[in-house]
Amino acid sequence: MSDRFNPELVKNLVAAIAVAAGVSQPDAAILADALVDADVHGTTTHGVSRLNIYIRRIQKGLIDPKAKLVVERQRGGTLAVDAGNGLGQVQAMKTLEMLMPMAKTNGVAAATIRNSQHFGALSYYCNLAAAQNLILFAMSGCEPAMSPEGACQAYFGTNPLAASFPTGKGFPVKIDMATSVVARGNIIAAQKKGQPIPSGWALTADGEPTTDAAAALAGTVLTMAGHKGYALALMVEVFSSVLSGAAVGPAIGSMYKNMDRKQDVGHFFCLLDIEAFMDVAEFKSRLDQAIDEIKSCRKRPGVTEILIPGERSHQKAQQNRAQGISLDEATRKELKTLCDELKVAFTLG
């Protein structure tokens, strides 16, 4: 069961909880915006449901709520930054804000981020860049959850990669995907609900196929497209973890399991200014034409509309802004418990 709530109301509550846990008001606003934005766009696995674990890790000293972002290296249009074991969303957003003027000056700017955390949906940052007529290509390492092709030991995270492209259609083309066959958050959500997962998603710790969410979480998620997903996961690991100086593979701390050590997650951002390559209006016109051509392709039997990546989440966002975002009972209970502990007024009824 879930109820719908005004996104701004939820955002204000999330920010208030974060401030009560020691996060500054400006940083709490960044965190709240990123989490609620995920719920608005239907990516609930990376939304407000994650707040509880962030706060618990702050309380245990595993996340520094007041961490400073430190630039360790800078050359031309590149940055290597240390997130200071701070909140992932906050430090990633601050890095992106540093990259934007650099990309406008140089045409392209890139950054590695180390000593970070899980930082939510990559599309959040990519969409913000697209709104500024920039193209952000983003990747992130993750806690071990996925085995290399042929193995049954978790080595890689689900290692997502993403990019968004501005259009004249009222929504950006958005590609945001894990290199696993499914985002691990979907398996976590299934476990919370006591539901089975589809066959082909995961293996047990012994390498056997399973539809049991708990067994899948103890085992490994499968790569998408077999060896191709494995190769992409390795690419993301190199850019995000190896190049940044962050933890690599199993050395990355688990957000839920390792409540005694930091995560040290790494991220990679590459930001392009469209104007360095062509006029923005021309880019949008060319992309809009491609979209029109794609949508007019001959359809398969039973298909009524060909959707563009990012179109479904845009439609979901319009609906959720009008009707409110849905928060399940477990998430509401976690928010209520946090409010009670931190002396924050619970405003969700």
# chains A, B, ... in the order shown; residues from 1 in each chain; ligands from 1

$ closest_atom_pairs --of "segment 266-302 of chain A" --to "segment 158-167 of chain A" --cutoff "8 Å" --atoms "only C-alpha atoms" --output "Markdown table"
| residue | atom | partner | partner_atom | distance |
| --- | --- | --- | --- | --- |
| A:Lys284 | CA | A:Thr167 | CA | 4.8 |
| A:Ser285 | CA | A:Thr167 | CA | 7.6 |
| A:Leu287 | CA | A:Thr167 | CA | 6.5 |
| A:Asp288 | CA | A:Thr167 | CA | 6.2 |

$ write_last_selection --atoms "all heavy atoms" --output "PDB file, in the first residue's frame"
ATOM      1  N   LYS A 284      19.343  20.340 -31.550  1.00  0.00           N
ATOM      2  CA  LYS A 284      17.996  19.925 -31.148  1.00  0.00           C
ATOM      3  C   LYS A 284      17.149  19.582 -32.371  1.00  0.00           C
ATOM      4  O   LYS A 284      16.373  18.616 -32.351  1.00  0.00           O
ATOM      5  CB  LYS A 284      17.331  21.019 -30.317  1.00  0.00           C
ATOM      6  CG  LYS A 284      17.929  21.193 -28.927  1.00  0.00           C
ATOM      7  CD  LYS A 284      17.171  22.248 -28.130  1.00  0.00           C
ATOM      8  CE  LYS A 284      17.727  22.404 -26.726  1.00  0.00           C
ATOM      9  NZ  LYS A 284      16.999  23.428 -25.949  1.00  0.00           N
ATOM     10  N   SER A 285      17.287  20.359 -33.431  1.00  0.00           N
ATOM     11  CA  SER A 285      16.522  20.090 -34.641  1.00  0.00           C
ATOM     12  C   SER A 285      16.889  18.739 -35.233  1.00  0.00           C
ATOM     13  O   SER A 285      16.013  17.961 -35.647  1.00  0.00           O
ATOM     14  CB  SER A 285      16.764  21.198 -35.666  1.00  0.00           C
ATOM     15  OG  SER A 285      16.113  20.916 -36.886  1.00  0.00           O
ATOM     16  N   LEU A 287      18.270  16.176 -33.608  1.00  0.00           N
ATOM     17  CA  LEU A 287      17.842  15.103 -32.707  1.00  0.00           C
ATOM     18  C   LEU A 287      16.321  14.927 -32.771  1.00  0.00           C
ATOM     19  O   LEU A 287      15.816  13.789 -32.769  1.00  0.00           O
ATOM     20  CB  LEU A 287      18.293  15.399 -31.277  1.00  0.00           C
ATOM     21  CG  LEU A 287      17.979  14.336 -30.220  1.00  0.00           C
ATOM     22  CD1 LEU A 287      18.433  12.948 -30.657  1.00  0.00           C
ATOM     23  CD2 LEU A 287      18.609  14.697 -28.880  1.00  0.00           C
ATOM     24  N   ASP A 288      15.590  16.034 -32.858  1.00  0.00           N
ATOM     25  CA  ASP A 288      14.129  15.948 -32.978  1.00  0.00           C
ATOM     26  C   ASP A 288      13.738  15.188 -34.241  1.00  0.00           C
ATOM     27  O   ASP A 288      12.779  14.396 -34.239  1.00  0.00           O
ATOM     28  CB  ASP A 288      13.516  17.344 -32.999  1.00  0.00           C
ATOM     29  CG  ASP A 288      13.556  18.036 -31.643  1.00  0.00           C
ATOM     30  OD1 ASP A 288      13.936  17.380 -30.655  1.00  0.00           O
ATOM     31  OD2 ASP A 288      13.212  19.233 -31.577  1.00  0.00           O
TER      32      ASP A 288
END

$ select_by_dssp --residues "segment 201-344 of chain A" --states "strand (DSSP E or B)" --output "PyMOL selection string"
chain A and resi 202-203+209-210+220-221+223+265-273+325-328

$ closest_residue --among "A:Ala215, A:Ala67, A:Leu136, A:Val90" --to "Ala28 of chain A" --atoms "only C-alpha atoms"
A:Val90

$ residues_around --residues "segment 103-109 of chain A" --least-positions-apart "2" --cutoff "7 Å" --atoms "only C-alpha atoms" --output "list in words"
Gly77, Thr78, Leu99, Met100, Pro101, Cys270, Leu271, Leu272, Asp273 and Ala276 of chain A

$ closest_atom_pairs --of "segment 166-253 of chain A" --to "segment 39-52 of chain A" --cutoff "12 Å" --atoms "only C-alpha atoms" --output "JSON lines"
{"residue": "A:Phe171", "atom": "CA", "partner": "A:His41", "partner_atom": "CA", "distance": 11.8}
{"residue": "A:Lys174", "atom": "CA", "partner": "A:His41", "partner_atom": "CA", "distance": 11.5}
{"residue": "A:Asp176", "atom": "CA", "partner": "A:Thr43", "partner_atom": "CA", "distance": 10.6}
{"residue": "A:Met177", "atom": "CA", "partner": "A:Thr43", "partner_atom": "CA", "distance": 11.4}
{"residue": "A:Val182", "atom": "CA", "partner": "A:Thr45", "partner_atom": "CA", "distance": 11.7}
{"residue": "A:Ala183", "atom": "CA", "partner": "A:Thr45", "partner_atom": "CA", "distance": 8.7}
{"residue": "A:Arg184", "atom": "CA", "partner": "A:Thr45", "partner_atom": "CA", "distance": 8.8}
{"residue": "A:Gly185", "atom": "CA", "partner": "A:Thr45", "partner_atom": "CA", "distance": 5.2}
{"residue": "A:Asn186", "atom": "CA", "partner": "A:Thr45", "partner_atom": "CA", "distance": 6.6}
{"residue": "A:Ile187", "atom": "CA", "partner": "A:Thr45", "partner_atom": "CA", "distance": 9.5}
{"residue": "A:Ile188", "atom": "CA", "partner": "A:Thr45", "partner_atom": "CA", "distance": 8.3}
{"residue": "A:Ala189", "atom": "CA", "partner": "A:Thr45", "partner_atom": "CA", "distance": 7.1}
{"residue": "A:Ala190", "atom": "CA", "partner": "A:Thr45", "partner_atom": "CA", "distance": 10.5}
{"residue": "A:Lys192", "atom": "CA", "partner": "A:Ser49", "partner_atom": "CA", "distance": 11.2}

$ atom_distance --atom1 "atom CA of Gln195 of chain A" --atom2 "atom CA of Asp328 of chain A"
14.7 Å

$ closest_residue --among "A:Tyr124, A:Lys299, A:Glu8, A:Ser140" --to "Phe239 of chain A" --atoms "only C-alpha atoms"
A:Ser140

$ residues_around --residues "Lys94 of chain A" --least-positions-apart "5" --cutoff "10 Å" --atoms "only C-alpha atoms" --output "CSV table (one decimal) with C-alpha atoms, in the first residue's frame"
chain,number,residue,atom,x,y,z
A,27,ASP,CA,23.5,20.5,1.4
A,30,ILE,CA,20.6,19.2,-2.6
A,69,LEU,CA,35.0,18.7,-1.5
A,83,ALA,CA,34.5,13.8,-1.7
A,88,GLY,CA,27.3,11.3,-2.6
A,89,GLN,CA,24.5,13.4,-4.1
A,99,LEU,CA,32.5,21.4,-14.3

$ closest_residue --among "A:Ala121, A:Val236, A:Ile63, A:Ala178" --to "Val221 of chain A" --atoms "only C-alpha atoms"
A:Ala178

$ atom_distance --atom1 "atom CA of Met146 of chain A" --atom2 "atom CA of Leu222 of chain A"
6.0 Å

$ closest_residue --among "A:Met98, A:Ala345, A:Met139, A:Ala20" --to "Leu234 of chain A" --atoms "only C-alpha atoms"
A:Met139

$ residues_around --residues "Leu307 of chain A" --least-positions-apart "5" --cutoff "10 Å" --atoms "only C-alpha atoms" --output "ChimeraX atom specification"
/A:291,294-295,312

$ write_last_selection --atoms "N, CA and C atoms" --output "compact mmCIF listing (two decimals), in the first residue's frame"
# COMPACT_ATOMS: atom_id res chain seq x y z
N ILE A 291 14.23 11.57 -33.63
CA ILE A 291 13.15 11.07 -32.78
C ILE A 291 11.89 10.82 -33.61
N ILE A 294 12.37 7.72 -35.68
CA ILE A 294 12.30 6.51 -34.85
C ILE A 294 10.85 6.17 -34.52
N LYS A 295 10.10 7.19 -34.12
CA LYS A 295 8.71 6.95 -33.70
C LYS A 295 7.81 6.56 -34.88
N ARG A 312 9.08 7.82 -21.14
CA ARG A 312 8.20 7.23 -20.13
C ARG A 312 8.40 7.91 -18.77

$ closest_atom_pairs --of "segment 52-85 of chain A" --to "segment 241-261 of chain A" --cutoff "10 Å" --atoms "only C-alpha atoms" --output "Markdown table"
| residue | atom | partner | partner_atom | distance |
| --- | --- | --- | --- | --- |
| A:Ile53 | CA | A:Tyr256 | CA | 7.2 |
| A:Tyr54 | CA | A:Met255 | CA | 8.4 |
| A:Arg56 | CA | A:Met259 | CA | 8.9 |
| A:Arg57 | CA | A:Met259 | CA | 7.1 |
| A:Lys60 | CA | A:Met259 | CA | 7.7 |
| A:Gly61 | CA | A:Arg261 | CA | 9.0 |
| A:Leu62 | CA | A:Arg261 | CA | 6.3 |
| A:Ile63 | CA | A:Arg261 | CA | 9.5 |
| A:Leu79 | CA | A:Ser244 | CA | 9.9 |
| A:Ala80 | CA | A:Ser244 | CA | 6.9 |
| A:Val81 | CA | A:Ser244 | CA | 8.1 |
| A:Asp82 | CA | A:Ser244 | CA | 8.8 |

$ write_last_selection --atoms "all heavy atoms" --output "short mmCIF file (atom, residue, chain, number, x, y, z; two decimals), in the first residue's frame"
data_model
loop_
_atom_site.label_atom_id
_atom_site.label_comp_id
_atom_site.auth_asym_id
_atom_site.auth_seq_id
_atom_site.Cartn_x
_atom_site.Cartn_y
_atom_site.Cartn_z
N ILE A 53 18.96 4.78 5.24
CA ILE A 53 20.30 4.21 5.35
C ILE A 53 21.36 5.31 5.35
O ILE A 53 22.38 5.19 6.04
CB ILE A 53 20.57 3.17 4.23
CG1 ILE A 53 21.87 2.42 4.50
CG2 ILE A 53 20.58 3.82 2.86
CD1 ILE A 53 21.89 1.62 5.79
N TYR A 54 21.13 6.40 4.62
CA TYR A 54 22.09 7.51 4.66
C TYR A 54 22.17 8.09 6.08
O TYR A 54 23.27 8.35 6.59
CB TYR A 54 21.68 8.63 3.69
CG TYR A 54 21.63 8.26 2.23
CD1 TYR A 54 20.76 8.91 1.36
CD2 TYR A 54 22.46 7.28 1.70
CE1 TYR A 54 20.71 8.59 0.02
CE2 TYR A 54 22.42 6.95 0.35
CZ TYR A 54 21.55 7.61 -0.49
OH TYR A 54 21.49 7.30 -1.82
N ARG A 56 21.35 6.62 8.91
CA ARG A 56 21.95 5.64 9.83
C ARG A 56 23.47 5.61 9.68
O ARG A 56 24.20 5.48 10.68
CB ARG A 56 21.36 4.25 9.57
CG ARG A 56 19.86 4.13 9.84
CD ARG A 56 19.46 4.67 11.18
NE ARG A 56 18.01 4.58 11.41
CZ ARG A 56 17.38 5.26 12.35
NH1 ARG A 56 18.04 6.10 13.14
NH2 ARG A 56 16.07 5.12 12.51
N ARG A 57 23.95 5.76 8.48
CA ARG A 57 25.41 5.77 8.29
C ARG A 57 26.02 7.07 8.81
O ARG A 57 27.14 7.08 9.33
CB ARG A 57 25.75 5.54 6.81
CG ARG A 57 25.42 4.11 6.34
CD ARG A 57 25.88 3.83 4.93
NE ARG A 57 27.33 3.71 4.82
CZ ARG A 57 28.01 2.61 5.06
NH1 ARG A 57 27.40 1.49 5.43
NH2 ARG A 57 29.33 2.61 4.92
N LYS A 60 26.37 6.62 12.55
CA LYS A 60 27.45 5.71 12.92
C LYS A 60 28.83 6.27 12.55
O LYS A 60 29.85 5.61 12.74
CB LYS A 60 27.27 4.35 12.25
CG LYS A 60 26.16 3.50 12.87
CD LYS A 60 26.06 2.14 12.21
CE LYS A 60 25.09 1.24 12.96
NZ LYS A 60 25.62 0.84 14.29
N GLY A 61 28.86 7.49 12.02
CA GLY A 61 30.13 8.10 11.65
C GLY A 61 30.70 7.56 10.34
O GLY A 61 31.89 7.77 10.05
N LEU A 62 29.87 6.91 9.54
CA LEU A 62 30.34 6.31 8.29
C LEU A 62 30.14 7.24 7.10
O LEU A 62 30.65 6.97 6.00
CB LEU A 62 29.61 4.99 8.04
CG LEU A 62 29.79 3.93 9.13
CD1 LEU A 62 28.93 2.71 8.86
CD2 LEU A 62 31.26 3.54 9.23
N ILE A 63 29.39 8.32 7.28
CA ILE A 63 29.27 9.40 6.31
C ILE A 63 29.50 10.70 7.07
O ILE A 63 28.93 10.90 8.15
CB ILE A 63 27.88 9.44 5.64
CG1 ILE A 63 27.66 8.20 4.77
CG2 ILE A 63 27.73 10.69 4.78
CD1 ILE A 63 26.27 8.13 4.14
N LEU A 79 39.38 17.57 -13.53
CA LEU A 79 39.46 17.63 -12.08
C LEU A 79 39.56 16.22 -11.51
O LEU A 79 38.93 15.29 -12.03
CB LEU A 79 38.20 18.27 -11.48
CG LEU A 79 37.86 19.72 -11.81
CD1 LEU A 79 36.47 20.05 -11.26
CD2 LEU A 79 38.91 20.66 -11.25
N ALA A 80 40.33 16.07 -10.47
CA ALA A 80 40.30 14.86 -9.65
C ALA A 80 39.96 15.31 -8.24
O ALA A 80 40.71 16.08 -7.63
CB ALA A 80 41.66 14.15 -9.66
N VAL A 81 38.78 14.90 -7.74
CA VAL A 81 38.32 15.41 -6.46
C VAL A 81 38.14 14.31 -5.43
O VAL A 81 37.87 13.15 -5.77
CB VAL A 81 36.99 16.20 -6.61
CG1 VAL A 81 37.15 17.32 -7.62
CG2 VAL A 81 35.85 15.30 -7.00
N ASP A 82 38.30 14.69 -4.19
CA ASP A 82 38.07 13.82 -3.04
C ASP A 82 36.78 14.30 -2.37
O ASP A 82 36.69 15.45 -1.95
CB ASP A 82 39.26 13.93 -2.07
CG ASP A 82 39.11 13.05 -0.83
OD1 ASP A 82 38.00 12.54 -0.56
OD2 ASP A 82 40.12 12.88 -0.12
#

$ closest_residue --among "A:Thr95, A:Asn127, A:Glu334, A:Leu35" --to "Phe346 of chain A" --atoms "only C-alpha atoms"
A:Glu334

$ atom_distance --atom1 "atom CA of Cys152 of chain A" --atom2 "atom CA of His118 of chain A"
23.6 Å
